[in-house]
Amino acid sequence: MEASATYKALLVGATGLVGASLLRQLLQDSRCSAVTILVRRPLLPSGDEIGSNRKLTVITADLDRMDEALAGVEADIVFCTLGTTIKKAKTQEAFRQVDLAYPVALGDWAERHGAAKMIIVSAMGANASSSIFYNRVKGEMEAQLSALGIRELHIVRPSLLLGKREEFRLGEKFAILLTPLLKLIMQGGLRRYRPVEADDVAAFMVGLCRRAGAVTGQEAGSFVKIYENDAIQAKIQL
């Protein structure tokens, strides 16, 4: 896909912190000709700017029926911003469903339908061999997606996300309050661990859309690139 070409986007996870920002930015991006979002519950648009946008198509369906829900959808770039917490998911099994099974199912759809790119939010520290459950699941998700043969897979690993969430998260509230201090003390090698604004993560993902394709055809095989938190913080021009 040429850097100047228009593209059709599919986004799963549009009601989350990064996803909501990404949706707004995609609707504002002149290169994005259409945005389809798959949500589990009716979208509550944050103003007429989103709800009445002609570029937007909303599909409300159970993610367990992803293939059926996405029948007939066309997408050049597939975005996944799905994510939950153990507290919200209640069980490790439910957490794995949201953070592993659904993203991999979406990646499988992207590969089978010839999407040019898949761009997904993972997490700093993702490692399939980690002793930490959260990091291990994120690492397993990355590994399984990488094995699918998607033409281009771009994995974004932010640190602690800053922004206004619907639910209360005590750790993030503290991080927001301490952000000015953290910026002062987290220098040198610690810079990579700084909390990052969800809007900046979303902007980084949109920037990846504008980058010319890394591969030139389906036969070229898959391309996988991981972007760590410091790349987002540096606001690399793509």
# chains A, B, ... in the order shown; residues from 1 in each chain; ligands from 1
>>> residues_around(residues="Leu26 in chain A", least_positions_apart="6", cutoff="10 Å", atoms="only C-alpha atoms", output="ChimeraX atom specification")
/A:8-9,11,32-35,55-56,202-203,205-206,209
>>> closest_residue(among="A:Lys117, A:Asn229, A:Gln28, A:Gly72", to="Glu197 in chain A", atoms="only C-alpha atoms")
A:Asn229
>>> residues_around(residues="Ile77 in chain A", least_positions_apart="5", cutoff="12 Å", atoms="only C-alpha atoms", output="mmCIF file with N, CA, C and O atoms, in the first residue's frame")
data_model
loop_
_atom_site.group_PDB
_atom_site.id
_atom_site.type_symbol
_atom_site.label_atom_id
_atom_site.label_comp_id
_atom_site.auth_asym_id
_atom_site.auth_seq_id
_atom_site.Cartn_x
_atom_site.Cartn_y
_atom_site.Cartn_z
ATOM 1 N N MET A 1 0.842 -1.190 0.000
ATOM 2 C CA MET A 1 0.000 0.000 0.000
ATOM 3 C C MET A 1 0.881 1.245 0.000
ATOM 4 O O MET A 1 1.767 1.376 0.832
ATOM 5 N N ALA A 5 -1.852 6.502 -0.478
ATOM 6 C CA ALA A 5 -3.113 5.876 -0.859
ATOM 7 C C ALA A 5 -4.135 5.983 0.259
ATOM 8 O O ALA A 5 -3.794 6.062 1.439
ATOM 9 N N THR A 6 -5.412 5.981 -0.125
ATOM 10 C CA THR A 6 -6.464 5.936 0.883
ATOM 11 C C THR A 6 -6.618 4.493 1.354
ATOM 12 O O THR A 6 -6.175 3.557 0.690
ATOM 13 N N TYR A 7 -7.237 4.316 2.502
ATOM 14 C CA TYR A 7 -7.402 2.978 3.044
ATOM 15 C C TYR A 7 -8.733 2.866 3.787
ATOM 16 O O TYR A 7 -9.293 3.855 4.268
ATOM 17 N N LYS A 8 -9.239 1.635 3.847
ATOM 18 C CA LYS A 8 -10.423 1.319 4.639
ATOM 19 C C LYS A 8 -9.954 0.638 5.916
ATOM 20 O O LYS A 8 -9.133 -0.272 5.871
ATOM 21 N N ALA A 9 -10.484 1.078 7.046
ATOM 22 C CA ALA A 9 -10.044 0.572 8.340
ATOM 23 C C ALA A 9 -11.127 -0.260 9.020
ATOM 24 O O ALA A 9 -12.321 0.053 8.924
ATOM 25 N N LEU A 10 -10.686 -1.297 9.713
ATOM 26 C CA LEU A 10 -11.549 -2.073 10.603
ATOM 27 C C LEU A 10 -10.943 -1.971 11.993
ATOM 28 O O LEU A 10 -9.751 -2.235 12.170
ATOM 29 N N LEU A 11 -11.744 -1.583 12.971
ATOM 30 C CA LEU A 11 -11.262 -1.414 14.343
ATOM 31 C C LEU A 11 -12.107 -2.259 15.287
ATOM 32 O O LEU A 11 -13.336 -2.154 15.306
ATOM 33 N N VAL A 12 -11.438 -3.087 16.076
ATOM 34 C CA VAL A 12 -12.105 -3.847 17.138
ATOM 35 C C VAL A 12 -11.500 -3.388 18.461
ATOM 36 O O VAL A 12 -10.292 -3.469 18.656
ATOM 37 N N LEU A 26 -9.022 8.321 13.268
ATOM 38 C CA LEU A 26 -9.249 7.714 11.955
ATOM 39 C C LEU A 26 -10.346 8.468 11.187
ATOM 40 O O LEU A 26 -10.243 8.670 9.975
ATOM 41 N N ARG A 31 -6.886 10.379 4.694
ATOM 42 C CA ARG A 31 -6.512 9.196 3.917
ATOM 43 C C ARG A 31 -7.420 8.009 4.201
ATOM 44 O O ARG A 31 -7.460 7.052 3.434
ATOM 45 N N CYS A 32 -8.112 8.056 5.326
ATOM 46 C CA CYS A 32 -9.009 6.957 5.706
ATOM 47 C C CYS A 32 -10.376 7.197 5.082
ATOM 48 O O CYS A 32 -11.085 8.124 5.449
ATOM 49 N N SER A 33 -10.762 6.338 4.131
ATOM 50 C CA SER A 33 -12.014 6.550 3.398
ATOM 51 C C SER A 33 -13.224 5.942 4.092
ATOM 52 O O SER A 33 -14.363 6.356 3.844
ATOM 53 N N ALA A 34 -13.010 4.953 4.963
ATOM 54 C CA ALA A 34 -14.120 4.297 5.656
ATOM 55 C C ALA A 34 -13.599 3.618 6.917
ATOM 56 O O ALA A 34 -12.481 3.103 6.942
ATOM 57 N N VAL A 35 -14.419 3.650 7.964
ATOM 58 C CA VAL A 35 -14.070 2.989 9.222
ATOM 59 C C VAL A 35 -15.228 2.090 9.639
ATOM 60 O O VAL A 35 -16.359 2.556 9.791
ATOM 61 N N THR A 36 -14.930 0.811 9.802
ATOM 62 C CA THR A 36 -15.904 -0.129 10.346
ATOM 63 C C THR A 36 -15.442 -0.526 11.736
ATOM 64 O O THR A 36 -14.270 -0.858 11.937
ATOM 65 N N LEU A 106 -9.159 -12.203 15.180
ATOM 66 C CA LEU A 106 -9.182 -11.051 14.276
ATOM 67 C C LEU A 106 -7.996 -11.106 13.315
ATOM 68 O O LEU A 106 -8.133 -10.807 12.127
ATOM 69 N N GLY A 107 -6.835 -11.499 13.826
ATOM 70 C CA GLY A 107 -5.658 -11.635 12.968
ATOM 71 C C GLY A 107 -5.862 -12.697 11.908
ATOM 72 O O GLY A 107 -5.453 -12.525 10.748
ATOM 73 N N TRP A 109 -8.731 -13.511 10.622
ATOM 74 C CA TRP A 109 -9.639 -12.900 9.644
ATOM 75 C C TRP A 109 -8.855 -11.977 8.711
ATOM 76 O O TRP A 109 -9.048 -11.994 7.497
ATOM 77 N N ALA A 110 -7.965 -11.161 9.291
ATOM 78 C CA ALA A 110 -7.169 -10.218 8.491
ATOM 79 C C ALA A 110 -6.318 -10.966 7.463
ATOM 80 O O ALA A 110 -6.213 -10.543 6.304
ATOM 81 N N GLU A 111 -5.708 -12.068 7.885
ATOM 82 C CA GLU A 111 -4.862 -12.837 6.966
ATOM 83 C C GLU A 111 -5.688 -13.460 5.853
ATOM 84 O O GLU A 111 -5.324 -13.384 4.676
ATOM 85 N N HIS A 113 -8.514 -12.505 4.656
ATOM 86 C CA HIS A 113 -9.162 -11.528 3.791
ATOM 87 C C HIS A 113 -8.171 -10.564 3.144
ATOM 88 O O HIS A 113 -8.565 -9.566 2.546
ATOM 89 N N GLY A 114 -6.886 -10.866 3.249
ATOM 90 C CA GLY A 114 -5.871 -10.115 2.508
ATOM 91 C C GLY A 114 -5.646 -8.693 2.952
ATOM 92 O O GLY A 114 -5.268 -7.833 2.140
ATOM 93 N N ALA A 115 -5.849 -8.413 4.250
ATOM 94 C CA ALA A 115 -5.573 -7.065 4.747
ATOM 95 C C ALA A 115 -4.098 -6.729 4.549
ATOM 96 O O ALA A 115 -3.226 -7.581 4.715
ATOM 97 N N ALA A 116 -3.815 -5.485 4.199
ATOM 98 C CA ALA A 116 -2.431 -5.068 3.982
ATOM 99 C C ALA A 116 -1.655 -5.006 5.291
ATOM 100 O O ALA A 116 -0.460 -5.296 5.324
ATOM 101 N N LYS A 117 -2.337 -4.617 6.378
ATOM 102 C CA LYS A 117 -1.662 -4.475 7.667
ATOM 103 C C LYS A 117 -2.617 -4.806 8.795
ATOM 104 O O LYS A 117 -3.830 -4.596 8.681
ATOM 105 N N MET A 118 -2.041 -5.292 9.894
ATOM 106 C CA MET A 118 -2.756 -5.348 11.166
ATOM 107 C C MET A 118 -1.901 -4.604 12.174
ATOM 108 O O MET A 118 -0.694 -4.839 12.271
ATOM 109 N N ILE A 119 -2.538 -3.697 12.910
ATOM 110 C CA ILE A 119 -1.846 -2.897 13.918
ATOM 111 C C ILE A 119 -2.544 -3.143 15.245
ATOM 112 O O ILE A 119 -3.749 -2.915 15.381
ATOM 113 N N ILE A 120 -1.799 -3.623 16.229
ATOM 114 C CA ILE A 120 -2.417 -4.034 17.489
ATOM 115 C C ILE A 120 -1.683 -3.451 18.687
ATOM 116 O O ILE A 120 -0.468 -3.315 18.683
ATOM 117 N N ILE A 150 0.237 -12.885 8.463
ATOM 118 C CA ILE A 150 -0.369 -11.617 8.056
ATOM 119 C C ILE A 150 0.669 -10.831 7.259
ATOM 120 O O ILE A 150 1.850 -10.825 7.596
ATOM 121 N N ARG A 151 0.248 -10.163 6.187
ATOM 122 C CA ARG A 151 1.207 -9.456 5.329
ATOM 123 C C ARG A 151 2.092 -8.514 6.119
ATOM 124 O O ARG A 151 3.312 -8.502 5.959
ATOM 125 N N GLU A 152 1.489 -7.677 6.959
ATOM 126 C CA GLU A 152 2.258 -6.803 7.851
ATOM 127 C C GLU A 152 1.588 -6.803 9.215
ATOM 128 O O GLU A 152 0.394 -6.513 9.322
ATOM 129 N N LEU A 153 2.349 -7.134 10.233
ATOM 130 C CA LEU A 153 1.854 -7.100 11.604
ATOM 131 C C LEU A 153 2.690 -6.092 12.387
ATOM 132 O O LEU A 153 3.906 -6.239 12.493
ATOM 133 N N HIS A 154 2.025 -5.064 12.902
ATOM 134 C CA HIS A 154 2.696 -4.018 13.671
ATOM 135 C C HIS A 154 2.187 -4.095 15.112
ATOM 136 O O HIS A 154 0.992 -3.914 15.359
ATOM 137 N N MET A 205 -0.333 4.920 16.016
ATOM 138 C CA MET A 205 -0.934 3.877 15.182
ATOM 139 C C MET A 205 -1.425 4.445 13.847
ATOM 140 O O MET A 205 -1.260 3.820 12.800
ATOM 141 N N VAL A 206 -2.015 5.627 13.891
ATOM 142 C CA VAL A 206 -2.443 6.270 12.643
ATOM 143 C C VAL A 206 -1.223 6.574 11.777
ATOM 144 O O VAL A 206 -1.265 6.445 10.548
ATOM 145 N N LEU A 208 1.378 4.809 11.518
ATOM 146 C CA LEU A 208 1.774 3.569 10.858
ATOM 147 C C LEU A 208 0.946 3.318 9.596
ATOM 148 O O LEU A 208 1.419 2.675 8.658
ATOM 149 N N CYS A 209 -0.266 3.831 9.564
ATOM 150 C CA CYS A 209 -1.108 3.695 8.365
ATOM 151 C C CYS A 209 -0.501 4.437 7.185
ATOM 152 O O CYS A 209 -0.655 4.028 6.040
ATOM 153 N N ARG A 210 0.131 5.548 7.485
ATOM 154 C CA ARG A 210 0.635 6.424 6.427
ATOM 155 C C ARG A 210 1.979 5.963 5.887
ATOM 156 O O ARG A 210 2.467 6.493 4.900
ATOM 157 N N ARG A 211 2.566 4.988 6.545
ATOM 158 C CA ARG A 211 3.850 4.471 6.110
ATOM 159 C C ARG A 211 3.658 3.528 4.926
ATOM 160 O O ARG A 211 2.742 2.716 4.915
ATOM 161 N N GLY A 213 3.975 0.373 2.498
ATOM 162 C CA GLY A 213 4.012 -1.030 2.859
ATOM 163 C C GLY A 213 5.428 -1.573 2.947
ATOM 164 O O GLY A 213 6.301 -1.219 2.175
#
>>> closest_residue(among="A:Gly16, A:Leu161, A:Ile226, A:Asp199", to="Gly139 in chain A", atoms="only C-alpha atoms")
A:Ile226
>>> select_by_dssp(residues="range 46-115 of chain A", states="alpha helix (DSSP H)", output="list in words")
Asp48, Glu49, Ile50, Gly51, Met66, Asp67, Glu68, Ala69, Ile86, Lys87, Lys88, Ala89, Gln92, Glu93, Ala94, Phe95, Arg96, Tyr102, Pro103, Val104, Ala105, Leu106, Gly107, Asp108, Trp109, Ala110, Glu111 and Arg112 of chain A
>>> atom_distance(atom1="CA of Val18 in chain A", atom2="CA of Thr81 in chain A")
6.6 Å
>>> residues_around(residues="Ser146 in chain A", least_positions_apart="4", cutoff="9 Å", atoms="only C-alpha atoms", output="MDAnalysis selection string")
chainID A and resid 141:142 150 153 222:224
>>> closest_residue(among="A:Ala14, A:Leu38, A:Ala94, A:Leu100", to="Ala71 in chain A", atoms="only C-alpha atoms")
A:Leu38
>>> decode(residues="range 82-121 of chain A", atoms="N, CA and C atoms", output="compact mmCIF listing (two decimals), in the first residue's frame")
# COMPACT_ATOMS: atom_id res chain seq x y z
N LEU A 82 -8.20 -4.24 21.78
CA LEU A 82 -8.89 -4.97 22.83
C LEU A 82 -7.98 -5.16 24.04
N GLY A 83 -8.59 -5.11 25.21
CA GLY A 83 -7.83 -5.34 26.43
C GLY A 83 -8.72 -5.20 27.64
N THR A 84 -8.43 -5.99 28.66
CA THR A 84 -9.22 -5.91 29.89
C THR A 84 -8.27 -6.09 31.07
N THR A 85 -8.82 -6.27 32.25
CA THR A 85 -8.04 -6.54 33.46
C THR A 85 -8.61 -7.78 34.13
N ILE A 86 -7.80 -8.41 34.99
CA ILE A 86 -8.29 -9.56 35.74
C ILE A 86 -9.49 -9.17 36.59
N LYS A 87 -9.42 -7.98 37.18
CA LYS A 87 -10.52 -7.52 38.03
C LYS A 87 -11.83 -7.43 37.25
N LYS A 88 -11.74 -6.90 36.04
CA LYS A 88 -12.95 -6.74 35.22
C LYS A 88 -13.37 -8.06 34.60
N ALA A 89 -12.40 -8.88 34.18
CA ALA A 89 -12.73 -10.15 33.54
C ALA A 89 -13.20 -11.20 34.54
N LYS A 90 -12.81 -11.04 35.80
CA LYS A 90 -13.19 -11.94 36.90
C LYS A 90 -12.33 -13.20 36.98
N THR A 91 -12.03 -13.82 35.83
CA THR A 91 -11.24 -15.05 35.84
C THR A 91 -10.11 -14.96 34.81
N GLN A 92 -9.08 -15.79 35.00
CA GLN A 92 -7.99 -15.82 34.04
C GLN A 92 -8.47 -16.32 32.69
N GLU A 93 -9.41 -17.24 32.69
CA GLU A 93 -9.95 -17.76 31.42
C GLU A 93 -10.65 -16.67 30.63
N ALA A 94 -11.44 -15.85 31.32
CA ALA A 94 -12.14 -14.76 30.65
C ALA A 94 -11.16 -13.71 30.14
N PHE A 95 -10.11 -13.47 30.93
CA PHE A 95 -9.08 -12.53 30.51
C PHE A 95 -8.41 -13.01 29.23
N ARG A 96 -8.05 -14.29 29.18
CA ARG A 96 -7.40 -14.85 28.00
C ARG A 96 -8.30 -14.76 26.77
N GLN A 97 -9.60 -14.86 26.98
CA GLN A 97 -10.53 -14.76 25.85
C GLN A 97 -10.46 -13.38 25.19
N VAL A 98 -10.42 -12.34 26.01
CA VAL A 98 -10.41 -10.97 25.50
C VAL A 98 -9.03 -10.58 24.97
N ASP A 99 -7.98 -10.91 25.71
CA ASP A 99 -6.64 -10.42 25.38
C ASP A 99 -5.85 -11.36 24.49
N LEU A 100 -6.34 -12.58 24.30
CA LEU A 100 -5.63 -13.54 23.46
C LEU A 100 -6.50 -14.10 22.34
N ALA A 101 -7.60 -14.74 22.71
CA ALA A 101 -8.41 -15.44 21.71
C ALA A 101 -9.02 -14.49 20.68
N TYR A 102 -9.61 -13.40 21.13
CA TYR A 102 -10.25 -12.48 20.18
C TYR A 102 -9.24 -11.79 19.25
N PRO A 103 -8.11 -11.28 19.77
CA PRO A 103 -7.13 -10.69 18.86
C PRO A 103 -6.60 -11.68 17.82
N VAL A 104 -6.37 -12.93 18.24
CA VAL A 104 -5.86 -13.93 17.30
C VAL A 104 -6.93 -14.26 16.25
N ALA A 105 -8.19 -14.34 16.67
CA ALA A 105 -9.28 -14.58 15.72
C ALA A 105 -9.36 -13.44 14.71
N LEU A 106 -9.16 -12.20 15.18
CA LEU A 106 -9.18 -11.05 14.28
C LEU A 106 -8.00 -11.11 13.31
N GLY A 107 -6.83 -11.50 13.83
CA GLY A 107 -5.66 -11.63 12.97
C GLY A 107 -5.86 -12.70 11.91
N ASP A 108 -6.51 -13.78 12.28
CA ASP A 108 -6.81 -14.85 11.32
C ASP A 108 -7.74 -14.31 10.23
N TRP A 109 -8.73 -13.51 10.62
CA TRP A 109 -9.64 -12.90 9.64
C TRP A 109 -8.85 -11.98 8.71
N ALA A 110 -7.96 -11.16 9.29
CA ALA A 110 -7.17 -10.22 8.49
C ALA A 110 -6.32 -10.97 7.46
N GLU A 111 -5.71 -12.07 7.89
CA GLU A 111 -4.86 -12.84 6.97
C GLU A 111 -5.69 -13.46 5.85
N ARG A 112 -6.82 -14.04 6.21
CA ARG A 112 -7.66 -14.72 5.20
C ARG A 112 -8.29 -13.75 4.22
N HIS A 113 -8.51 -12.51 4.66
CA HIS A 113 -9.16 -11.53 3.79
C HIS A 113 -8.17 -10.56 3.14
N GLY A 114 -6.89 -10.87 3.25
CA GLY A 114 -5.87 -10.12 2.51
C GLY A 114 -5.65 -8.69 2.95
N ALA A 115 -5.85 -8.41 4.25
CA ALA A 115 -5.57 -7.06 4.75
C ALA A 115 -4.10 -6.73 4.55
N ALA A 116 -3.81 -5.48 4.20
CA ALA A 116 -2.43 -5.07 3.98
C ALA A 116 -1.66 -5.01 5.29
N LYS A 117 -2.34 -4.62 6.38
CA LYS A 117 -1.66 -4.47 7.67
C LYS A 117 -2.62 -4.81 8.80
N MET A 118 -2.04 -5.29 9.89
CA MET A 118 -2.76 -5.35 11.17
C MET A 118 -1.90 -4.60 12.17
N ILE A 119 -2.54 -3.70 12.91
CA ILE A 119 -1.85 -2.90 13.92
C ILE A 119 -2.54 -3.14 15.25
N ILE A 120 -1.80 -3.62 16.23
CA ILE A 120 -2.42 -4.03 17.49
C ILE A 120 -1.68 -3.45 18.69
N VAL A 121 -2.44 -3.13 19.72
CA VAL A 121 -1.87 -2.67 20.98
C VAL A 121 -1.61 -3.89 21.86
